[in-house]
file coords-v3.cif (mmCIF, C-alpha atoms)
data_work
#
loop_
_atom_site.label_atom_id
_atom_site.label_comp_id
_atom_site.auth_asym_id
_atom_site.auth_seq_id
_atom_site.Cartn_x
_atom_site.Cartn_y
_atom_site.Cartn_z
CA MET A 49 -64.84 171.14 57.86
CA ALA A 50 -62.34 173.91 57.26
CA GLY A 51 -59.03 172.78 55.83
CA ARG A 52 -60.42 169.40 54.78
CA GLY A 53 -61.90 169.67 51.28
CA SER A 54 -64.20 167.10 49.77
CA MET A 55 -63.12 164.54 47.15
CA ALA A 56 -64.62 166.70 44.43
CA GLU A 57 -62.75 169.78 45.68
CA THR A 58 -59.33 168.12 45.75
CA GLY A 59 -59.78 166.47 42.34
CA SER A 60 -59.41 162.92 43.70
CA ALA A 61 -61.21 160.04 42.03
CA ILE A 62 -62.66 157.00 43.68
CA GLU A 63 -61.29 153.75 42.17
CA PRO A 64 -63.39 150.60 42.40
CA GLY A 65 -62.61 148.86 45.67
CA ASP A 66 -60.02 151.50 46.67
CA GLY A 67 -59.86 152.00 50.45
CA GLY A 68 -62.47 152.88 52.99
CA GLY A 69 -64.09 149.47 52.94
CA ALA A 70 -64.25 146.59 55.33
CA ASP A 71 -61.48 144.89 53.39
CA GLY A 72 -58.96 147.32 54.82
CA GLY A 73 -58.16 148.94 51.48
CA ALA A 74 -57.56 145.78 49.40
CA LYS A 75 -58.13 146.49 45.72
CA GLU A 76 -60.66 144.61 43.66
CA LYS A 77 -59.39 143.00 40.45
CA TRP A 78 -61.04 144.25 37.30
CA ASP A 79 -60.73 142.49 33.92
CA THR A 80 -60.91 145.23 31.31
CA ALA A 81 -59.79 145.45 27.69
CA PRO A 82 -59.42 148.20 25.10
CA ALA A 83 -62.55 149.18 23.24
CA GLY A 84 -63.53 146.68 20.57
CA THR A 85 -61.57 143.76 22.06
CA SER A 86 -62.30 141.10 24.62
CA HIS A 87 -60.54 138.21 26.26
CA GLN A 88 -61.59 134.80 25.00
CA ALA A 89 -60.96 131.54 26.81
CA PRO A 90 -59.08 128.74 25.00
CA PHE A 91 -61.26 126.76 22.57
CA SER A 92 -64.23 129.03 23.27
CA ARG A 93 -64.59 130.38 19.75
CA ILE A 94 -63.97 129.00 16.26
CA GLY A 95 -63.89 130.39 12.74
CA ILE A 96 -64.79 128.61 9.50
CA GLY A 97 -63.46 130.15 6.31
CA ALA A 98 -62.89 129.70 2.58
CA ASN A 99 -60.29 130.97 0.15
CA VAL A 100 -58.70 130.48 -3.26
CA SER A 101 -54.93 130.07 -3.57
CA PRO A 102 -52.26 128.30 -5.70
CA LEU A 103 -53.11 125.22 -3.61
CA GLY A 104 -56.69 125.23 -4.89
CA ILE A 105 -60.00 126.02 -3.24
CA GLY A 106 -59.43 126.05 0.50
CA ILE A 107 -61.51 125.44 3.62
CA ASN A 108 -60.01 126.24 7.01
CA GLY A 109 -61.08 125.91 10.62
CA THR A 110 -59.51 128.00 13.39
CA THR A 111 -59.88 127.98 17.17
CA VAL A 112 -58.67 130.39 19.83
CA LEU A 113 -55.81 129.24 22.07
CA SER A 114 -55.07 132.54 23.82
CA ASP A 115 -55.04 136.26 23.14
CA TYR A 116 -51.88 135.74 21.09
CA PHE A 117 -52.26 132.29 19.49
CA ASP A 118 -54.73 130.40 17.29
CA ALA A 119 -54.60 126.84 15.92
CA ARG A 120 -55.67 126.32 12.32
CA LEU A 121 -56.45 123.28 10.15
CA MET A 122 -56.58 123.72 6.36
CA GLY A 123 -57.69 121.62 3.42
CA ASN A 124 -57.36 122.46 -0.28
CA TYR A 125 -58.66 120.78 -3.43
CA PHE A 126 -58.91 121.52 -7.14
CA SER A 127 -59.08 119.33 -10.24
CA TYR A 128 -59.38 120.39 -13.85
CA THR A 129 -58.91 118.47 -17.09
CA ILE A 130 -57.91 120.44 -20.17
CA PRO A 131 -59.75 118.94 -23.18
CA GLN A 132 -57.70 117.43 -25.98
CA PHE A 133 -55.79 119.97 -28.01
CA GLU A 134 -53.22 119.63 -30.78
CA VAL A 135 -49.81 121.31 -30.86
CA GLU A 136 -47.43 120.65 -33.77
CA GLY A 137 -48.63 117.10 -34.32
CA PHE A 138 -49.07 116.19 -30.63
CA ARG A 139 -52.65 115.44 -29.55
CA THR A 140 -52.59 116.20 -25.86
CA THR A 141 -54.83 116.22 -22.80
CA ALA A 142 -53.70 117.58 -19.44
CA ASN A 143 -54.95 117.43 -15.88
CA ILE A 144 -54.29 119.63 -12.87
CA HIS A 145 -54.93 117.83 -9.58
CA LEU A 146 -54.41 119.70 -6.31
CA ALA A 147 -55.17 118.15 -2.91
CA SER A 148 -53.52 118.89 0.44
CA MET A 149 -54.04 119.06 4.20
CA ALA A 150 -52.05 121.27 6.56
CA ALA A 151 -52.05 122.69 10.08
CA SER A 152 -50.48 125.84 11.46
CA LEU A 153 -50.01 127.82 14.66
CA ASP A 154 -51.00 131.49 14.22
CA TRP A 155 -49.05 133.91 16.42
CA TYR A 156 -50.15 137.54 16.74
CA PRO A 157 -47.21 139.44 18.34
CA TYR A 158 -48.34 141.97 20.95
CA ASN A 159 -51.92 140.90 20.17
CA SER A 160 -51.69 142.82 16.88
CA VAL A 161 -53.45 142.06 13.60
CA TRP A 162 -50.15 140.98 12.01
CA ARG A 163 -49.57 137.25 12.03
CA LEU A 164 -46.71 134.74 11.81
CA SER A 165 -47.78 131.18 11.00
CA PRO A 166 -45.36 128.24 11.10
CA GLY A 167 -46.96 124.94 10.14
CA VAL A 168 -46.77 121.55 8.49
CA MET A 169 -48.37 120.05 5.38
CA PHE A 170 -49.05 116.44 6.33
CA PHE A 171 -50.81 115.41 3.10
CA ASN A 172 -49.77 116.55 -0.38
CA GLY A 173 -51.35 115.11 -3.52
CA ASN A 174 -50.54 117.99 -5.86
CA GLN A 175 -49.54 116.93 -9.36
CA PHE A 176 -49.86 117.73 -13.07
CA THR A 177 -50.30 115.02 -15.72
CA ALA A 178 -50.30 115.13 -19.53
CA ASN A 179 -51.08 112.45 -22.12
CA ALA A 180 -49.91 112.84 -25.71
CA VAL A 181 -50.26 110.93 -29.00
CA VAL A 182 -47.66 111.71 -31.68
CA GLN A 183 -49.14 111.76 -35.16
CA GLY A 184 -47.32 109.81 -37.85
CA GLY A 185 -44.47 111.74 -39.48
CA THR A 186 -44.32 114.34 -36.69
CA SER A 187 -40.74 115.08 -35.64
CA PHE A 188 -39.53 115.71 -32.09
CA SER A 189 -36.18 115.94 -30.39
CA LEU A 190 -34.81 114.19 -27.30
CA ASP A 191 -31.31 115.01 -26.04
CA GLY A 192 -30.38 116.41 -29.46
CA GLN A 193 -31.64 113.36 -31.37
CA THR A 194 -34.52 113.70 -33.85
CA PHE A 195 -37.24 111.05 -34.00
CA TYR A 196 -40.54 110.71 -35.84
CA GLY A 197 -43.90 109.36 -34.82
CA ALA A 198 -45.08 106.22 -36.63
CA SER A 199 -48.39 106.02 -38.47
CA SER A 200 -50.86 103.38 -37.34
CA ASN A 201 -50.90 100.24 -39.52
CA ALA A 202 -53.14 97.35 -38.53
CA ALA A 203 -51.52 94.98 -41.04
CA THR A 204 -48.03 95.33 -39.56
CA GLY A 205 -49.12 95.96 -35.98
CA VAL A 206 -47.63 99.47 -35.88
CA THR A 207 -49.27 101.75 -33.31
CA PRO A 208 -48.72 105.49 -32.80
CA LEU A 209 -46.23 106.65 -30.18
CA THR A 210 -47.96 107.70 -26.96
CA GLY A 211 -46.58 109.16 -23.77
CA MET A 212 -47.75 110.16 -20.31
CA GLY A 213 -45.84 112.63 -18.15
CA ILE A 214 -46.39 113.21 -14.43
CA LEU A 215 -45.01 116.18 -12.54
CA GLY A 216 -45.41 115.52 -8.80
CA LEU A 217 -45.22 118.31 -6.23
CA HIS A 218 -45.07 115.92 -3.27
CA PRO A 219 -41.62 114.29 -2.94
CA ARG A 220 -41.78 114.76 0.84
CA PRO A 221 -44.66 113.08 2.69
CA ILE A 222 -44.50 115.84 5.33
CA ALA A 223 -43.42 119.38 4.41
CA PHE A 224 -42.96 122.44 6.62
CA THR A 225 -44.72 125.70 5.81
CA ALA A 226 -43.90 129.30 6.73
CA ALA A 227 -46.37 132.13 6.26
CA GLY A 228 -47.33 135.57 7.45
CA GLY A 229 -50.36 137.73 7.03
CA PHE A 230 -52.70 140.48 8.11
CA GLY A 231 -55.98 140.09 9.96
CA LYS A 232 -57.17 137.61 12.57
CA PHE A 233 -58.99 134.47 11.54
CA VAL A 234 -60.96 134.68 14.80
CA PRO A 235 -61.59 138.30 15.87
CA ARG A 236 -60.95 139.15 19.51
CA SER A 237 -64.34 140.82 19.71
CA GLU A 238 -67.98 139.98 19.12
CA ARG A 239 -67.61 140.46 15.34
CA HIS A 240 -68.50 137.41 13.26
CA TRP A 241 -66.88 138.20 9.91
CA SER A 242 -63.19 138.67 9.15
CA PHE A 243 -61.14 138.88 5.94
CA PRO A 244 -57.54 137.82 6.68
CA SER A 245 -54.83 137.61 4.03
CA GLU A 246 -51.83 135.28 3.96
CA PHE A 247 -48.62 134.76 2.00
CA GLY A 248 -45.86 132.19 2.42
CA VAL A 249 -44.26 129.03 1.04
CA VAL A 250 -44.35 125.24 1.34
CA PHE A 251 -40.91 123.65 1.62
CA MET A 252 -41.96 120.75 -0.60
CA GLY A 253 -38.56 119.78 -2.02
CA ALA A 254 -37.73 119.32 -5.72
CA PRO A 255 -40.66 118.10 -7.84
CA THR A 256 -40.60 114.60 -9.33
CA ALA A 257 -40.85 114.02 -13.08
CA ASN A 258 -41.68 110.71 -14.77
CA VAL A 259 -42.53 109.78 -18.35
CA THR A 260 -43.94 106.49 -19.63
CA THR A 261 -44.17 105.71 -23.37
CA SER A 262 -45.49 103.00 -25.68
CA GLY A 263 -45.93 102.44 -29.41
CA TRP A 264 -43.61 102.79 -32.37
CA VAL A 265 -40.97 105.38 -33.24
CA CYS A 266 -39.07 106.00 -36.48
CA ALA A 267 -35.59 107.27 -37.27
CA ASP A 268 -36.70 108.92 -40.54
CA LYS A 269 -39.70 110.89 -41.75
CA ALA A 270 -40.38 108.39 -44.54
CA GLN A 271 -40.94 105.78 -41.80
CA THR A 272 -38.66 103.17 -43.39
CA ASN A 273 -36.70 102.55 -40.19
CA CYS A 274 -39.12 102.13 -37.31
CA ALA A 275 -39.29 100.03 -34.16
CA ASN A 276 -41.51 99.18 -31.23
CA ILE A 277 -39.90 101.04 -28.33
CA SER A 278 -40.41 97.97 -26.11
CA ASP A 279 -38.04 95.98 -28.35
CA LYS A 280 -34.78 96.25 -26.45
CA THR A 281 -32.81 94.60 -29.28
CA ASN A 282 -33.70 97.11 -31.99
CA PRO A 283 -31.14 99.95 -32.46
CA VAL A 284 -33.85 102.56 -33.09
CA ALA A 285 -35.69 101.59 -29.90
CA GLN A 286 -32.41 101.53 -27.98
CA GLN A 287 -31.51 105.03 -29.16
CA PHE A 288 -34.97 106.36 -28.35
CA ASN A 289 -35.01 104.95 -24.81
CA SER A 290 -31.45 106.13 -24.13
CA SER A 291 -32.22 109.65 -25.37
CA LEU A 292 -35.45 109.74 -23.35
CA GLN A 293 -33.70 108.82 -20.09
CA THR A 294 -30.93 111.35 -20.70
CA GLN A 295 -33.46 114.10 -21.46
CA LEU A 296 -35.50 113.15 -18.40
CA GLY A 297 -32.39 113.48 -16.27
CA LYS A 298 -31.85 117.02 -17.57
CA TRP A 299 -35.45 117.96 -16.80
CA ARG A 300 -35.08 116.61 -13.27
CA ARG A 301 -31.90 118.61 -12.69
CA ASP A 302 -33.67 121.78 -13.83
CA LEU A 303 -36.65 121.02 -11.56
CA GLY A 304 -34.23 120.41 -8.68
CA LYS A 305 -33.72 124.18 -8.48
CA ILE A 306 -37.36 124.60 -7.43
CA THR A 307 -37.81 123.47 -3.82
CA VAL A 308 -40.63 125.71 -2.55
CA TYR A 309 -44.24 126.21 -3.59
CA PRO A 310 -46.01 129.58 -3.12
CA MET A 311 -48.96 130.19 -0.82
CA PHE A 312 -51.02 133.37 -0.90
CA SER A 313 -54.70 133.78 -0.21
CA TYR A 314 -57.48 136.11 0.89
CA SER A 315 -60.03 134.41 3.12
CA VAL A 316 -63.60 135.02 4.17
CA VAL A 317 -64.17 133.69 7.71
CA TYR A 318 -67.24 133.43 9.92
CA SER A 319 -66.60 133.09 13.69
CA PHE A 320 -68.88 132.08 16.52
CA ASN A 321 -68.74 131.00 20.17
CA ILE A 322 -68.97 127.33 21.06
CA ARG A 323 -68.98 127.73 24.85
#

call {"tool": "encode", "arguments": {"input": "coords-v3.cif", "output": "C-alpha cells"}}
result
Amino acid sequence: MAGRGSMAETGSAIEPGDGGGADGGAKEKWDTAPAGTSHQAPFSRIGIGANVSPLGIGINGTTVLSDYFDARLMGNYFSYTIPQFEVEGFRTTANIHLASMAASLDWYPYNSVWRLSPGVMFFNGNQFTANAVVQGGTSFSLDGQTFYGASSNAATGVTPLTGMGILGLHPRPIAFTAAGGFGKFVPRSERHWSFPSEFGVVFMGAPTANVTTSGWVCADKAQTNCANISDKTNPVAQQFNSSLQTQLGKWRRDLGKITVYPMFSYSVVYSFNIR
C-alpha cells in the first residue's frame, strides 16, 4: 500500500519475540554469550591439572562457581636426598622434603583471563634437613670460637662429632596465600585443555632452625683437650654448647627476616563436564 513500506524497505529488523504476537508484544528472553564463551552452572565442570613449582610437584582440582569465580584445591609433594658428600672435613647428607595442601578462591574480574587468588595453606610439611660427621682434626667456628672434631677411639670411648640441622618452613599451622595469574583453570567454553600460569607468596612466617649434636669435641688440633659434649661439667663441652646456642640464635634472627615463600607455576589442566 502506498506510503506504507515493507519491513525490508524501511530497514527494520525483526527481533525474536518482538511485537505482533499473541503475547501483546512481550519480549522473549534470550541467553546469549560472546563467541567462544558459554555460561556454566555452578559445580557443572571441573578441571584436573599438574604443575611444578617451588612447592614441589603439584596436583590441583578446580570447579566452576560462577562466570567470575572458581574454587581450587591444591596438593604439592617432592622429596630428594642428596647422597653423602664431603666439604672441608664434613661428611654430609641432605634431604629436601616438600609437602603441602592449600585451597584458593579464583576471581576473574569482568570475566577476563586475568586472575586474583586469595587462599589458605592448611597443611605445610616443607623442611630441609642435613646430617654431618666432623672428621677428626677438622676445625670449625661457632660464635667466633674455634673447635676441632675428635677422632674415633674405641679404647677411650671417643666418638666423632655429629650434628643434624633442620630448617622448617612451617612455623604456622595455617598460612594465608596471595597469588595472581593469567589463564582460566576451567575454560568458559567447550575447550578441554588450558595452560594457566600463577605467581604469588605464602605468608608462612619466619622459618624454624634447630640443631642437635652428639659425640666428642676438642679445643685443640692435637686433640689433647677433648670432651663429650653431653658432659655438662667439662669446660670444653660447656664452651661448645654455649657457643652453639649463641650461634643458633644468630641464625634464627637472620632467618626471621624471611617471612614469605614464593609460589610460581605453569599448569597443564584438563577440564570436563560432570553434569

call {"tool": "residues_around", "arguments": {"input": "coords-v3.cif", "residues": "stretch 153-161 of chain A", "least_positions_apart": "4", "cutoff": "8 Å", "atoms": "only C-alpha atoms", "output": "JSON, numbers by chain"}}
result
{"A": [115, 116, 117, 118, 119, 120, 165, 166, 167, 230, 231, 232]}

call {"tool": "atom_distance", "arguments": {"input": "coords-v3.cif", "atom1": "atom CA of A:Met311", "atom2": "atom CA of A:Ala150"}}
result
12.0 Å

call {"tool": "resolve_selection", "arguments": {"input": "coords-v3.cif", "expression": "the PyMOL selection byres ((chain A and resi 181) around 9)", "output": "MDAnalysis selection string"}}
result
chainID A and resid 137:140 179:180 182:183 197 208:211

call {"tool": "closest_residue", "arguments": {"input": "coords-v3.cif", "among": "A:Ile214, A:Ala98, A:Ile222, A:Ala147", "to": "A:Trp241", "atoms": "only C-alpha atoms"}}
result
A:Ala98

call {"tool": "closest_residue", "arguments": {"input": "coords-v3.cif", "among": "A:Thr256, A:Ser237, A:Gln271, A:Thr110", "to": "A:Thr307", "atoms": "all atoms listed in the file"}}
result
A:Thr256

call {"tool": "resolve_selection", "arguments": {"input": "coords-v3.cif", "expression": "the PyMOL selection byres ((chain A and resi 206) around 10)", "output": "PyMOL selection string"}}
result
chain A and resi 198-205+207-209+263-265+274-276

call {"tool": "write_last_selection", "arguments": {"input": "coords-v3.cif", "atoms": "C-alpha atoms", "output": "CSV table (one decimal), in the coordinates of the input"}}
result
chain,number,residue,atom,x,y,z
A,198,ALA,CA,-45.1,106.2,-36.6
A,199,SER,CA,-48.4,106.0,-38.5
A,200,SER,CA,-50.9,103.4,-37.3
A,201,ASN,CA,-50.9,100.2,-39.5
A,202,ALA,CA,-53.1,97.4,-38.5
A,203,ALA,CA,-51.5,95.0,-41.0
A,204,THR,CA,-48.0,95.3,-39.6
A,205,GLY,CA,-49.1,96.0,-36.0
A,207,THR,CA,-49.3,101.8,-33.3
A,208,PRO,CA,-48.7,105.5,-32.8
A,209,LEU,CA,-46.2,106.6,-30.2
A,263,GLY,CA,-45.9,102.4,-29.4
A,264,TRP,CA,-43.6,102.8,-32.4
A,265,VAL,CA,-41.0,105.4,-33.2
A,274,CYS,CA,-39.1,102.1,-37.3
A,275,ALA,CA,-39.3,100.0,-34.2
A,276,ASN,CA,-41.5,99.2,-31.2

call {"tool": "atom_distance", "arguments": {"input": "coords-v3.cif", "atom1": "atom CA of A:Ser290", "atom2": "atom CA of A:Gly213"}}
result
16.9 Å

call {"tool": "residues_around", "arguments": {"input": "coords-v3.cif", "residues": "stretch 224-226 of chain A", "least_positions_apart": "4", "cutoff": "12 Å", "atoms": "only C-alpha atoms", "output": "NGL selection string"}}
result
:A and (149-155 or 163-172 or 220 or 246-253 or 307-312)

call {"tool": "closest_residue", "arguments": {"input": "coords-v3.cif", "among": "A:Val112, A:Ile107, A:Val259, A:Ala223", "to": "A:Asn321", "atoms": "all atoms listed in the file"}}
result
A:Val112

call {"tool": "resolve_selection", "arguments": {"input": "coords-v3.cif", "expression": "the PyMOL selection byres ((chain A and resi 317) around 7)", "output": "list in words"}}
result
Gly95, Ile96, Gly97, Ala98, Phe233, Trp241, Ser242, Phe243, Ser315, Val316, Tyr318 and Ser319 of chain A

call {"tool": "atom_distance", "arguments": {"input": "coords-v3.cif", "atom1": "atom CA of A:Asn143", "atom2": "atom CA of A:Phe188"}}
result
22.4 Å

call {"tool": "closest_residue", "arguments": {"input": "coords-v3.cif", "among": "A:Ala285, A:Leu190, A:Ala227, A:Met212", "to": "A:Thr261", "atoms": "all atoms listed in the file"}}
result
A:Met212

call {"tool": "closest_residue", "arguments": {"input": "coords-v3.cif", "among": "A:Ser148, A:Gln88, A:Asp268, A:Glu136", "to": "A:Gly106", "atoms": "only C-alpha atoms"}}
result
A:Ser148

call {"tool": "closest_residue", "arguments": {"input": "coords-v3.cif", "among": "A:His145, A:Asn258, A:His218, A:Asp279", "to": "A:Trp299", "atoms": "all atoms listed in the file"}}
result
A:Asn258

call {"tool": "decode", "arguments": {"input": "coords-v3.cif", "residues": "stretch 234-271 of chain A", "atoms": "N, CA and C atoms", "output": "compact mmCIF listing (two decimals), in the first residue's frame"}}
result
# COMPACT_ATOMS: atom_id res chain seq x y z
N VAL A 234 39.52 -23.51 34.45
CA VAL A 234 38.40 -24.16 33.77
C VAL A 234 37.89 -23.20 32.70
N PRO A 235 38.14 -23.46 31.43
CA PRO A 235 37.69 -22.55 30.37
C PRO A 235 36.19 -22.37 30.35
N ARG A 236 35.74 -21.17 30.05
CA ARG A 236 34.31 -20.90 29.92
C ARG A 236 33.90 -21.15 28.47
N SER A 237 34.18 -22.35 28.01
CA SER A 237 33.85 -22.77 26.65
C SER A 237 33.87 -24.29 26.65
N GLU A 238 33.79 -24.88 25.49
CA GLU A 238 33.83 -26.33 25.39
C GLU A 238 35.24 -26.87 25.25
N ARG A 239 36.25 -25.99 25.36
CA ARG A 239 37.64 -26.46 25.28
C ARG A 239 37.97 -27.32 26.50
N HIS A 240 38.81 -28.31 26.31
CA HIS A 240 39.20 -29.21 27.40
C HIS A 240 40.53 -28.83 28.02
N TRP A 241 41.46 -28.32 27.23
CA TRP A 241 42.81 -28.06 27.72
C TRP A 241 43.02 -26.58 27.99
N SER A 242 43.73 -26.29 29.06
CA SER A 242 44.13 -24.91 29.37
C SER A 242 45.52 -24.93 30.00
N PHE A 243 46.20 -23.78 29.94
CA PHE A 243 47.59 -23.69 30.40
C PHE A 243 47.78 -22.42 31.23
N PRO A 244 47.16 -22.36 32.41
CA PRO A 244 47.24 -21.15 33.24
C PRO A 244 48.58 -21.02 33.95
N SER A 245 48.98 -19.80 34.20
CA SER A 245 50.19 -19.51 34.97
C SER A 245 49.80 -18.82 36.27
N GLU A 246 50.69 -18.88 37.25
CA GLU A 246 50.39 -18.29 38.56
C GLU A 246 51.67 -17.83 39.24
N PHE A 247 51.57 -16.76 40.01
CA PHE A 247 52.70 -16.28 40.80
C PHE A 247 52.14 -15.64 42.07
N GLY A 248 52.83 -15.84 43.20
CA GLY A 248 52.35 -15.30 44.46
C GLY A 248 53.26 -15.70 45.60
N VAL A 249 52.75 -15.60 46.82
CA VAL A 249 53.55 -15.91 48.01
C VAL A 249 52.69 -16.63 49.05
N VAL A 250 53.38 -17.36 49.93
CA VAL A 250 52.78 -17.96 51.12
C VAL A 250 53.29 -17.17 52.32
N PHE A 251 52.39 -16.66 53.13
CA PHE A 251 52.78 -15.92 54.33
C PHE A 251 53.03 -16.93 55.46
N MET A 252 54.18 -17.61 55.36
CA MET A 252 54.46 -18.74 56.24
C MET A 252 55.01 -18.33 57.59
N GLY A 253 55.54 -17.11 57.72
CA GLY A 253 56.22 -16.71 58.94
C GLY A 253 57.68 -17.13 58.90
N ALA A 254 58.47 -16.68 59.87
CA ALA A 254 59.91 -16.96 59.89
C ALA A 254 60.17 -18.45 60.02
N PRO A 255 61.10 -18.99 59.25
CA PRO A 255 61.44 -20.41 59.36
C PRO A 255 61.99 -20.75 60.75
N THR A 256 61.90 -22.02 61.10
CA THR A 256 62.48 -22.50 62.35
C THR A 256 63.81 -23.18 62.05
N ALA A 257 64.75 -23.08 62.97
CA ALA A 257 66.06 -23.71 62.80
C ALA A 257 66.45 -24.41 64.10
N ASN A 258 66.79 -25.69 64.00
CA ASN A 258 67.20 -26.46 65.17
C ASN A 258 68.39 -27.34 64.80
N VAL A 259 69.29 -27.50 65.77
CA VAL A 259 70.49 -28.32 65.58
C VAL A 259 70.64 -29.24 66.78
N THR A 260 70.85 -30.52 66.53
CA THR A 260 71.15 -31.48 67.60
C THR A 260 72.53 -32.08 67.32
N THR A 261 73.32 -32.27 68.37
CA THR A 261 74.69 -32.77 68.22
C THR A 261 74.97 -33.88 69.22
N SER A 262 75.98 -34.67 68.91
CA SER A 262 76.45 -35.73 69.82
C SER A 262 77.90 -36.03 69.48
N GLY A 263 78.59 -36.71 70.39
CA GLY A 263 79.98 -37.07 70.15
C GLY A 263 80.95 -36.22 70.96
N TRP A 264 82.19 -36.20 70.50
CA TRP A 264 83.26 -35.52 71.21
C TRP A 264 83.79 -34.34 70.39
N VAL A 265 84.22 -33.30 71.13
CA VAL A 265 84.80 -32.12 70.51
C VAL A 265 86.09 -31.77 71.24
N CYS A 266 87.03 -31.16 70.53
CA CYS A 266 88.33 -30.81 71.12
C CYS A 266 88.57 -29.31 71.03
N ALA A 267 89.38 -28.82 71.98
CA ALA A 267 89.74 -27.41 71.98
C ALA A 267 91.02 -27.16 71.20
N ASP A 268 91.75 -28.20 70.82
CA ASP A 268 92.99 -28.03 70.08
C ASP A 268 93.09 -29.08 68.98
N LYS A 269 93.88 -28.78 67.96
CA LYS A 269 94.01 -29.69 66.82
C LYS A 269 94.73 -30.97 67.20
N ALA A 270 95.62 -30.90 68.18
CA ALA A 270 96.36 -32.09 68.61
C ALA A 270 95.48 -33.06 69.40
N GLN A 271 94.25 -32.63 69.72
CA GLN A 271 93.26 -33.45 70.42
C GLN A 271 93.76 -33.90 71.81
